>>> print(open('structure_17.cif').read())   # mmCIF, C-alpha atoms
data_model
#
loop_
_atom_site.label_atom_id
_atom_site.label_comp_id
_atom_site.auth_asym_id
_atom_site.auth_seq_id
_atom_site.Cartn_x
_atom_site.Cartn_y
_atom_site.Cartn_z
CA MET A 707 95.47 85.28 35.19
CA GLU A 708 95.32 86.53 31.64
CA LEU A 709 96.56 83.27 30.12
CA LEU A 710 93.76 81.20 31.66
CA GLU A 711 91.04 83.76 30.88
CA GLN A 712 92.12 83.87 27.24
CA ARG A 713 92.10 80.09 27.06
CA ILE A 714 88.59 79.98 28.52
CA LEU A 715 87.39 82.47 25.90
CA THR A 716 89.10 80.54 23.11
CA ASP A 717 88.38 76.94 24.07
CA GLY A 718 85.67 76.98 26.74
CA LYS A 719 82.06 76.18 25.88
CA LEU A 720 78.91 77.38 27.58
CA LEU A 721 76.25 74.69 27.99
CA PRO A 722 72.63 75.10 29.08
CA GLY A 723 72.14 75.01 32.85
CA GLY A 724 75.04 77.23 33.80
CA ILE A 725 77.76 74.76 32.90
CA LEU A 726 81.07 76.00 31.55
CA LYS A 727 82.80 73.16 29.75
CA VAL A 728 86.59 73.41 29.78
CA ASP A 729 87.31 69.78 29.12
CA SER A 730 89.51 70.47 26.10
CA PHE A 731 92.31 71.78 28.34
CA LEU A 732 91.47 71.46 32.03
CA ASN A 733 89.52 68.40 33.10
CA HIS A 734 89.21 65.70 30.45
CA GLN A 735 91.94 66.63 28.06
CA ILE A 736 94.65 68.50 29.97
CA ASP A 737 97.23 70.99 28.76
CA PRO A 738 100.11 70.30 31.14
CA LEU A 739 102.05 73.43 30.13
CA LEU A 740 99.08 75.67 30.96
CA LEU A 741 98.60 73.85 34.26
CA ARG A 742 102.27 74.29 35.10
CA ASP A 743 101.95 78.03 34.55
CA MET A 744 98.88 78.05 36.79
CA ALA A 745 100.79 76.10 39.46
CA ARG A 746 103.61 78.64 39.33
CA GLU A 747 101.10 81.45 39.80
CA TRP A 748 99.69 79.78 42.92
CA LYS A 749 103.26 79.26 44.13
CA ARG A 750 103.83 83.00 43.75
CA LEU A 751 100.56 83.89 45.49
CA PHE A 752 101.04 81.52 48.42
CA ALA A 753 104.84 81.74 48.64
CA ASP A 754 104.99 83.02 52.22
CA VAL A 755 102.44 80.98 54.15
CA GLY A 756 104.47 77.84 54.78
CA VAL A 757 102.50 75.41 52.60
CA ASN A 758 103.63 71.84 53.26
CA LYS A 759 100.68 69.85 51.91
CA ILE A 760 98.43 70.17 48.87
CA LEU A 761 94.89 68.82 49.20
CA THR A 762 92.42 68.26 46.37
CA ILE A 763 89.51 66.02 45.46
CA GLU A 764 89.37 63.41 42.72
CA ALA A 765 89.31 63.41 39.82
CA SER A 766 89.66 66.74 38.07
CA GLY A 767 91.68 68.48 40.79
CA ILE A 768 94.50 65.95 40.73
CA ALA A 769 96.39 67.17 37.66
CA MET A 770 96.60 70.74 38.94
CA ALA A 771 97.37 69.66 42.49
CA VAL A 772 100.34 67.48 41.54
CA LEU A 773 101.90 70.34 39.59
CA VAL A 774 101.36 72.67 42.55
CA GLY A 775 102.99 70.05 44.77
CA LEU A 776 105.93 69.99 42.41
CA GLU A 777 106.33 73.77 42.78
CA PHE A 778 106.13 73.64 46.58
CA GLU A 779 108.10 70.35 46.71
CA CYS A 780 105.58 68.90 49.16
CA PRO A 781 103.20 65.93 49.20
CA VAL A 782 99.81 66.04 47.48
CA VAL A 783 96.76 64.26 48.89
CA PHE A 784 93.58 63.71 46.96
CA ALA A 785 90.35 63.01 48.80
CA LYS A 786 88.49 60.03 47.39
CA LYS A 787 84.86 60.00 46.45
CA SER A 788 83.80 56.67 47.92
CA ARG A 789 85.12 53.94 50.12
CA SER A 790 87.75 51.94 48.33
CA LEU A 791 88.52 48.36 49.30
CA ASN A 792 92.13 49.53 49.53
CA LEU A 793 91.52 52.01 52.34
CA ALA A 794 91.45 50.91 55.93
CA GLY A 795 88.63 52.18 58.15
CA ASP A 796 90.78 54.88 59.65
CA VAL A 797 89.58 57.81 57.56
CA TYR A 798 88.24 61.32 57.85
CA CYS A 799 84.92 61.63 56.02
CA VAL A 800 82.52 64.34 54.85
CA GLU A 801 79.57 64.45 52.49
CA VAL A 802 79.88 66.71 49.45
CA PRO A 803 77.02 67.50 47.08
CA SER A 804 78.03 67.65 43.39
CA PHE A 805 76.67 70.50 41.29
CA THR A 806 77.68 68.75 38.07
CA HIS A 807 76.48 65.26 38.81
CA LYS A 808 73.44 66.16 40.94
CA ASN A 809 74.33 63.70 43.68
CA VAL A 810 76.09 63.53 47.06
CA ASN A 811 79.46 61.88 47.48
CA LYS A 812 81.08 60.59 50.60
CA VAL A 813 84.58 62.03 50.47
CA ILE A 814 87.33 60.48 52.55
CA ILE A 815 90.98 60.88 53.42
CA SER A 816 93.10 58.35 55.21
CA LYS A 817 94.05 59.71 58.63
CA ALA A 818 97.66 58.78 57.90
CA TYR A 819 98.00 61.57 55.35
CA LEU A 820 96.60 64.65 57.07
CA GLY A 821 97.43 65.81 60.58
CA PRO A 822 98.19 68.71 62.95
CA ASP A 823 101.60 69.47 61.43
CA ASP A 824 100.14 70.08 57.97
CA ARG A 825 99.73 73.56 56.52
CA VAL A 826 97.25 72.86 53.77
CA LEU A 827 96.67 74.56 50.44
CA LEU A 828 93.44 73.40 48.79
CA ILE A 829 93.39 73.16 44.99
CA ASP A 830 90.36 72.64 42.75
CA ASP A 831 89.28 73.36 39.20
CA PHE A 832 85.93 75.07 39.82
CA LEU A 833 84.51 77.13 42.66
CA ALA A 834 80.75 77.64 42.29
CA SER A 835 78.63 76.93 45.36
CA GLY A 836 81.81 76.06 47.21
CA ALA A 837 80.63 72.61 48.25
CA ALA A 838 83.87 70.83 47.36
CA LEU A 839 86.11 73.33 49.11
CA ILE A 840 83.81 73.44 52.15
CA GLY A 841 84.15 69.65 52.30
CA LEU A 842 87.94 69.80 52.01
CA LYS A 843 88.02 72.53 54.68
CA ALA A 844 86.01 70.28 56.99
CA LEU A 845 88.42 67.39 56.38
CA THR A 846 91.33 69.70 57.20
CA GLU A 847 89.61 70.70 60.46
CA GLN A 848 88.88 67.07 61.36
CA ALA A 849 92.60 66.39 60.99
CA GLY A 850 93.58 69.35 63.16
CA ALA A 851 95.60 70.72 60.23
CA THR A 852 96.00 74.41 59.37
CA LEU A 853 94.24 75.71 56.29
CA VAL A 854 96.42 78.38 54.68
CA GLY A 855 94.35 78.99 51.57
CA ALA A 856 92.60 77.71 48.48
CA GLY A 857 93.76 77.96 44.88
CA VAL A 858 90.97 77.71 42.34
CA ALA A 859 91.25 77.71 38.57
CA ILE A 860 87.82 79.13 37.72
CA GLU A 861 85.54 80.89 40.19
CA LYS A 862 81.92 81.52 39.21
CA ARG A 863 81.53 84.56 41.43
CA PHE A 864 77.79 84.87 40.81
CA GLN A 865 77.24 81.54 42.60
CA GLY A 866 78.60 82.97 45.84
CA GLY A 867 80.72 80.09 47.11
CA GLY A 868 83.97 82.05 46.97
CA ASP A 869 82.62 84.99 48.95
CA ALA A 870 81.12 82.62 51.53
CA LEU A 871 84.52 80.99 52.03
CA ARG A 872 86.25 84.38 52.24
CA ALA A 873 83.68 85.43 54.87
CA GLN A 874 84.81 82.40 56.89
CA GLY A 875 88.38 83.70 56.74
CA VAL A 876 89.67 81.43 53.97
CA ARG A 877 92.10 83.08 51.58
CA VAL A 878 90.82 82.12 48.13
CA GLU A 879 92.93 82.87 45.06
CA SER A 880 91.07 82.23 41.81
CA LEU A 881 93.00 82.51 38.55
CA ALA A 882 89.89 83.31 36.48
CA ARG A 883 86.84 84.97 38.04
CA ILE A 884 83.61 84.90 36.08
CA VAL A 885 81.00 87.47 37.12
CA ASN A 886 78.47 86.74 34.40
CA MET A 887 77.85 84.10 31.77
CA ASP A 888 74.09 84.40 31.41
CA ASP A 889 73.68 85.82 27.93
CA GLY A 890 75.97 83.52 26.04
CA GLY A 891 79.13 85.50 26.74
CA ILE A 892 81.64 85.14 29.54
CA VAL A 893 82.45 88.25 31.58
CA PHE A 894 85.46 88.23 33.89
CA GLY A 895 85.83 90.56 36.84
CA MET B 837 113.79 51.76 38.32
CA GLU B 838 115.78 51.49 41.52
CA LEU B 839 114.24 54.59 43.09
CA LEU B 840 110.68 53.29 42.78
CA GLU B 841 111.56 49.76 43.91
CA GLN B 842 113.26 51.11 47.01
CA ARG B 843 110.26 53.30 47.77
CA ILE B 844 107.92 50.32 47.43
CA LEU B 845 110.07 48.33 49.86
CA THR B 846 110.23 51.24 52.30
CA ASP B 847 106.67 52.58 52.16
CA GLY B 848 104.51 49.96 50.42
CA LYS B 849 102.27 47.65 52.41
CA LEU B 850 101.08 44.17 51.54
CA LEU B 851 97.43 43.51 52.36
CA PRO B 852 95.56 40.21 52.31
CA GLY B 853 94.14 39.28 48.91
CA GLY B 854 97.15 40.20 46.82
CA ILE B 855 96.84 43.94 47.25
CA LEU B 856 99.95 46.09 47.39
CA LYS B 857 99.09 49.39 49.00
CA VAL B 858 101.25 52.28 47.85
CA ASP B 859 98.89 55.05 48.81
CA SER B 860 101.46 56.89 50.91
CA PHE B 861 103.32 58.05 47.80
CA LEU B 862 101.56 56.97 44.59
CA ASN B 863 97.78 56.98 44.63
CA HIS B 864 96.21 58.71 47.64
CA GLN B 865 99.08 60.76 48.96
CA ILE B 866 101.43 61.54 46.07
CA ASP B 867 105.12 62.38 46.10
CA PRO B 868 105.37 64.74 43.11
CA LEU B 869 109.17 64.64 43.01
CA LEU B 870 109.19 60.84 42.75
CA LEU B 871 106.52 60.99 40.06
CA ARG B 872 108.53 63.55 38.12
CA ASP B 873 111.54 61.24 38.16
CA MET B 874 109.31 58.42 36.94
CA ALA B 875 107.95 60.65 34.18
CA ARG B 876 111.49 61.47 33.07
CA GLU B 877 112.31 57.77 32.93
CA TRP B 878 109.32 57.12 30.65
CA LYS B 879 110.40 60.09 28.54
CA ARG B 880 113.81 58.47 28.15
CA LEU B 881 112.33 55.06 27.34
CA PHE B 882 109.81 56.36 24.78
CA ALA B 883 111.89 59.26 23.44
CA ASP B 884 111.97 58.09 19.82
CA VAL B 885 108.44 56.92 19.06
CA GLY B 886 106.77 60.26 18.35
CA VAL B 887 104.45 60.40 21.36
CA ASN B 888 101.98 63.26 20.98
CA LYS B 889 99.24 62.24 23.41
CA ILE B 890 99.21 60.71 26.88
CA LEU B 891 96.20 58.59 27.81
CA THR B 892 95.29 57.36 31.29
CA ILE B 893 92.25 56.44 33.33
CA GLU B 894 90.89 58.26 36.36
CA ALA B 895 91.70 58.67 39.10
CA SER B 896 95.05 57.29 40.16
CA GLY B 897 96.70 57.50 36.74
CA ILE B 898 96.15 61.24 36.36
CA ALA B 899 99.01 62.53 38.52
CA MET B 900 101.62 60.45 36.69
CA ALA B 901 100.11 61.14 33.29
CA VAL B 902 100.18 64.92 33.65
CA LEU B 903 103.86 64.82 34.60
CA VAL B 904 104.58 62.60 31.60
CA GLY B 905 102.67 65.07 29.43
CA LEU B 906 104.85 67.83 30.81
CA GLU B 907 107.97 65.92 29.77
CA PHE B 908 106.66 65.26 26.25
CA GLU B 909 104.99 68.69 26.07
CA CYS B 910 101.81 67.13 24.72
CA PRO B 911 98.17 66.93 25.83
CA VAL B 912 97.01 64.41 28.42
CA VAL B 913 93.59 62.76 28.25
CA PHE B 914 92.06 60.83 31.09
CA ALA B 915 89.30 58.33 30.40
CA LYS B 916 86.35 58.78 32.73
CA LYS B 917 84.72 56.01 34.68
CA SER B 918 81.07 56.82 34.12
CA ARG B 919 78.92 59.08 32.06
CA SER B 920 79.17 62.63 33.30
CA LEU B 921 76.38 65.10 32.71
CA ASN B 922 79.08 67.33 31.27
CA LEU B 923 79.97 65.00 28.42
CA ALA B 924 78.02 65.01 25.20
CA GLY B 925 76.96 61.68 23.73
CA ASP B 926 79.80 61.65 21.28
CA VAL B 927 82.16 59.34 23.15
CA TYR B 928 84.21 56.21 22.74
CA CYS B 929 83.26 53.65 25.38
CA VAL B 930 84.53 50.33 26.77
CA GLU B 931 83.78 48.27 29.84
CA VAL B 932 86.65 47.70 32.26
CA PRO B 933 86.48 45.31 35.22
CA SER B 934 88.21 46.61 38.37
CA PHE B 935 90.42 44.21 40.32
CA THR B 936 90.48 46.53 43.33
CA HIS B 937 86.83 47.47 43.53
CA LYS B 938 85.35 44.18 42.26
CA ASN B 939 83.03 45.87 39.79
CA VAL B 940 82.82 46.85 36.13
CA ASN B 941 83.12 50.45 35.00
CA LYS B 942 82.02 52.01 31.77
CA VAL B 943 85.02 54.00 30.66
CA ILE B 944 84.59 56.80 28.14
CA ILE B 945 86.57 59.35 26.18
CA SER B 946 85.09 62.24 24.27
CA LYS B 947 85.68 61.69 20.55
CA ALA B 948 87.02 65.23 20.33
CA TYR B 949 90.19 64.29 22.22
CA LEU B 950 91.42 61.14 20.52
CA GLY B 951 91.79 60.60 16.80
CA PRO B 952 93.82 59.18 13.88
CA ASP B 953 96.63 61.74 14.23
CA ASP B 954 97.38 60.73 17.80
CA ARG B 955 100.39 58.64 18.77
CA VAL B 956 99.34 57.46 22.19
CA LEU B 957 101.37 56.54 25.23
CA LEU B 958 99.25 54.86 27.91
CA ILE B 959 100.14 55.55 31.55
CA ASP B 960 98.81 53.75 34.62
CA ASP B 961 99.85 53.02 38.17
CA PHE B 962 99.31 49.25 38.30
CA LEU B 963 99.41 46.48 35.72
CA ALA B 964 97.97 43.23 37.09
CA SER B 965 95.41 41.44 34.91
CA GLY B 966 95.82 44.22 32.38
CA ALA B 967 92.13 45.10 32.28
CA ALA B 968 92.63 48.86 32.45
CA LEU B 969 95.30 48.95 29.75
CA ILE B 970 93.30 46.58 27.55
CA GLY B 971 90.40 49.00 27.88
CA LEU B 972 92.56 52.01 27.02
CA LYS B 973 94.02 50.09 24.06
CA ALA B 974 90.49 49.40 22.82
CA LEU B 975 89.59 53.10 23.13
CA THR B 976 92.73 53.97 21.16
CA GLU B 977 91.70 51.54 18.44
CA GLN B 978 88.13 52.89 18.34
CA ALA B 979 89.62 56.33 17.71
CA GLY B 980 91.88 55.09 14.92
CA ALA B 981 94.88 56.37 16.88
CA THR B 982 98.30 54.71 17.02
CA LEU B 983 99.33 53.02 20.25
CA VAL B 984 103.07 53.48 20.71
CA GLY B 985 103.40 51.95 24.15
CA ALA B 986 102.37 51.75 27.77
CA GLY B 987 104.22 53.10 30.80
CA VAL B 988 103.31 51.39 34.05
CA ALA B 989 104.56 52.20 37.53
CA ILE B 990 104.17 48.76 39.11
CA GLU B 991 103.68 45.52 37.17
CA LYS B 992 102.59 42.42 39.06
CA ARG B 993 104.19 40.00 36.61
CA PHE B 994 102.66 36.93 38.24
CA GLN B 995 99.19 38.10 37.23
CA GLY B 996 100.09 37.90 33.56
CA GLY B 997 98.52 41.05 32.17
CA GLY B 998 101.82 42.55 31.05
CA ASP B 999 102.90 39.49 29.13
CA ALA B 1000 99.47 39.22 27.49
CA LEU B 1001 99.78 42.81 26.28
CA ARG B 1002 103.33 42.23 25.05
CA ALA B 1003 102.10 39.16 23.16
CA GLN B 1004 99.66 41.49 21.39
CA GLY B 1005 102.59 43.66 20.30
CA VAL B 1006 102.25 46.41 22.88
CA ARG B 1007 105.52 47.79 24.17
CA VAL B 1008 105.10 47.85 27.95
CA GLU B 1009 107.68 49.59 30.13
CA SER B 1010 107.16 48.97 33.83
CA LEU B 1011 109.33 50.85 36.30
CA ALA B 1012 108.97 48.21 39.01
CA ARG B 1013 108.26 44.56 38.20
CA ILE B 1014 107.11 42.31 41.01
CA VAL B 1015 107.51 38.59 40.37
CA ASN B 1016 106.41 37.40 43.77
CA MET B 1017 104.73 38.82 46.84
CA ASP B 1018 103.11 35.68 48.23
CA ASP B 1019 105.06 35.05 51.39
CA GLY B 1020 104.94 38.50 52.91
CA GLY B 1021 107.97 39.82 51.03
CA ILE B 1022 108.17 41.61 47.70
CA VAL B 1023 110.50 40.15 45.06
CA PHE B 1024 111.36 42.25 42.00
CA GLY B 1025 112.59 40.74 38.76
#
>>> encode(input="structure_17.cif", output="structure tokens")
Amino acid sequence: MELLEQRILTDGKLLPGGILKVDSFLNHQIDPLLLRDMAREWKRLFADVGVNKILTIEASGIAMAVLVGLEFECPVVFAKKSRSLNLAGDVYCVEVPSFTHKNVNKVIISKAYLGPDDRVLLIDDFLASGAALIGLKALTEQAGATLVGAGVAIEKRFQGGGDALRAQGVRVESLARIVNMDDGGIVFG
Amino acid sequence: MELLEQRILTDGKLLPGGILKVDSFLNHQIDPLLLRDMAREWKRLFADVGVNKILTIEASGIAMAVLVGLEFECPVVFAKKSRSLNLAGDVYCVEVPSFTHKNVNKVIISKAYLGPDDRVLLIDDFLASGAALIGLKALTEQAGATLVGAGVAIEKRFQGGGDALRAQGVRVESLARIVNMDDGGIVFG
């Protein structure tokens, strides 16, 4: 998606350690008009697969996911990163390692909000090792729901998570695919 | 807002300890069409105060805030609940006690995304003691930005936070105001 790639080149920042910082428009400060355009692109890409639930993980996936839900006119569920006092014990649960924060989170979804009738589109901001999406896929399977695909804003292809998911039969649609950002520049492909 | 009050009566659940659970449509599973209608109501209420930035706190405020940002066509910033490895040291910071989780969070905003030119509308799902909004107000003041108001989905009036904020001159617009939920029923007013 040209619009997102251009925005990454204009406003993204490369940090040491393989971190691409896009928090001026995607995941700290958010440009809602850009995200709406991204949501419409995912709507176009996944128009014919009967999506009736959007699933993401807190916190940075929520903004995109709710706009995708608006396009599909279906509910959005965000998996939570630790047990809240507000959640009853009746939850699906997986462990997800975080590339950014160098820790492991328990990620849960209330069983009330994901089930066999759901045709689930996963949404997330980054796809690197694929840990978050693998966790969301596992939650979908625990619920007996059908995974119809995954919409990702930025895929770091050189980290392999996207190809691993595709090899498992998951349709992954990334709006910006980075093949190299080693030498200080970002190369899409 | 009639639509939200009806939804609370239909789908909300009262738990022991003064907790109103609305996670079937507001903050675990999200109804994006309801949230869009709420965003449009805040747009109507705050149409004339020159809003150019929406500020919320992760995670449950993000979905509403991004839809409000879409209505105002302005950036949305969400304050983060702990130091991320992705954030540089240049942040505004406050401590916010959590009613739900019974702990205290450090809440931060990168200085790059809030400043003296910003006319800030705060957005959050619940207003009880007011701790979250007081924290966001303090962050706004640290940045030298102008606070033009606060849009809240559900105000628990009997906990006093809303009136305390109003007494400090903050314009608070709550879409559902609960005056009593002691005896198993929810009373709006």
>>> resolve_selection(input="structure_17.cif", expression="the PyMOL selection byres ((chain A) within 10 of (chain B))", output="tab-separated table (two decimals) with C-alpha atoms, keeping the file's coordinate frame")
chain	number	residue	atom	x	y	z
A	721	LEU	CA	76.25	74.69	27.99
A	725	ILE	CA	77.76	74.76	32.90
A	726	LEU	CA	81.07	76.00	31.55
A	727	LYS	CA	82.80	73.16	29.75
A	728	VAL	CA	86.59	73.41	29.78
A	729	ASP	CA	87.31	69.78	29.12
A	730	SER	CA	89.51	70.47	26.10
A	731	PHE	CA	92.31	71.78	28.34
A	732	LEU	CA	91.47	71.46	32.03
A	733	ASN	CA	89.52	68.40	33.10
A	734	HIS	CA	89.21	65.70	30.45
A	735	GLN	CA	91.94	66.63	28.06
A	736	ILE	CA	94.65	68.50	29.97
A	737	ASP	CA	97.23	70.99	28.76
A	738	PRO	CA	100.11	70.30	31.14
A	739	LEU	CA	102.05	73.43	30.13
A	740	LEU	CA	99.08	75.67	30.96
A	741	LEU	CA	98.60	73.85	34.26
A	742	ARG	CA	102.27	74.29	35.10
A	759	LYS	CA	100.68	69.85	51.91
A	760	ILE	CA	98.43	70.17	48.87
A	761	LEU	CA	94.89	68.82	49.20
A	763	ILE	CA	89.51	66.02	45.46
A	764	GLU	CA	89.37	63.41	42.72
A	765	ALA	CA	89.31	63.41	39.82
A	766	SER	CA	89.66	66.74	38.07
A	767	GLY	CA	91.68	68.48	40.79
A	768	ILE	CA	94.50	65.95	40.73
A	769	ALA	CA	96.39	67.17	37.66
A	770	MET	CA	96.60	70.74	38.94
A	771	ALA	CA	97.37	69.66	42.49
A	772	VAL	CA	100.34	67.48	41.54
A	773	LEU	CA	101.90	70.34	39.59
A	774	VAL	CA	101.36	72.67	42.55
A	775	GLY	CA	102.99	70.05	44.77
A	776	LEU	CA	105.93	69.99	42.41
A	777	GLU	CA	106.33	73.77	42.78
A	778	PHE	CA	106.13	73.64	46.58
A	779	GLU	CA	108.10	70.35	46.71
A	780	CYS	CA	105.58	68.90	49.16
A	781	PRO	CA	103.20	65.93	49.20
A	782	VAL	CA	99.81	66.04	47.48
A	783	VAL	CA	96.76	64.26	48.89
A	784	PHE	CA	93.58	63.71	46.96
A	785	ALA	CA	90.35	63.01	48.80
A	786	LYS	CA	88.49	60.03	47.39
A	789	ARG	CA	85.12	53.94	50.12
A	790	SER	CA	87.75	51.94	48.33
A	791	LEU	CA	88.52	48.36	49.30
A	792	ASN	CA	92.13	49.53	49.53
A	793	LEU	CA	91.52	52.01	52.34
A	806	THR	CA	77.68	68.75	38.07
A	807	HIS	CA	76.48	65.26	38.81
A	808	LYS	CA	73.44	66.16	40.94
A	815	ILE	CA	90.98	60.88	53.42
A	816	SER	CA	93.10	58.35	55.21
A	818	ALA	CA	97.66	58.78	57.90
A	819	TYR	CA	98.00	61.57	55.35
A	820	LEU	CA	96.60	64.65	57.07
>>> atom_distance(input="structure_17.cif", atom1="atom CA of Gly971 of chain B", atom2="atom CA of Gly987 of chain B")
14.7 Å
>>> closest_residue(input="structure_17.cif", among="B:Leu1011, B:Cys929, B:Leu850, B:Leu845", to="Trp878 of chain B", atoms="only C-alpha atoms")
B:Leu1011
>>> resolve_selection(input="structure_17.cif", expression="the PyMOL selection byres ((chain A and resi 864-879) around 9)", output="count of residues only")
25
>>> atom_distance(input="structure_17.cif", atom1="atom CA of Gly821 of chain A", atom2="atom CA of Val755 of chain A")
17.2 Å
>>> atom_distance(input="structure_17.cif", atom1="atom CA of Lys973 of chain B", atom2="atom CA of Val956 of chain B")
9.3 Å
>>> closest_residue(input="structure_17.cif", among="A:Ile829, A:Ala838, A:Ile714, A:Ala745", to="Val810 of chain A", atoms="all atoms listed in the file")
A:Ala838
>>> closest_residue(input="structure_17.cif", among="A:Leu709, A:Gly891, A:Lys719, A:Ala844", to="Glu747 of chain A", atoms="only C-alpha atoms")
A:Leu709
>>> resolve_selection(input="structure_17.cif", expression="the PyMOL selection byres ((chain A and resi 787) around 6)", output="VMD selection string")
chain A and resid 786 788 811 to 813
>>> axis_aligned_box(input="structure_17.cif", around="segment 973-987 of chain B", padding_each_side="3 Å", output="JSON")
{"center_x": 96.2, "center_y": 52.9, "center_z": 22.9, "size_x": 22.1, "size_y": 13.0, "size_z": 21.9}
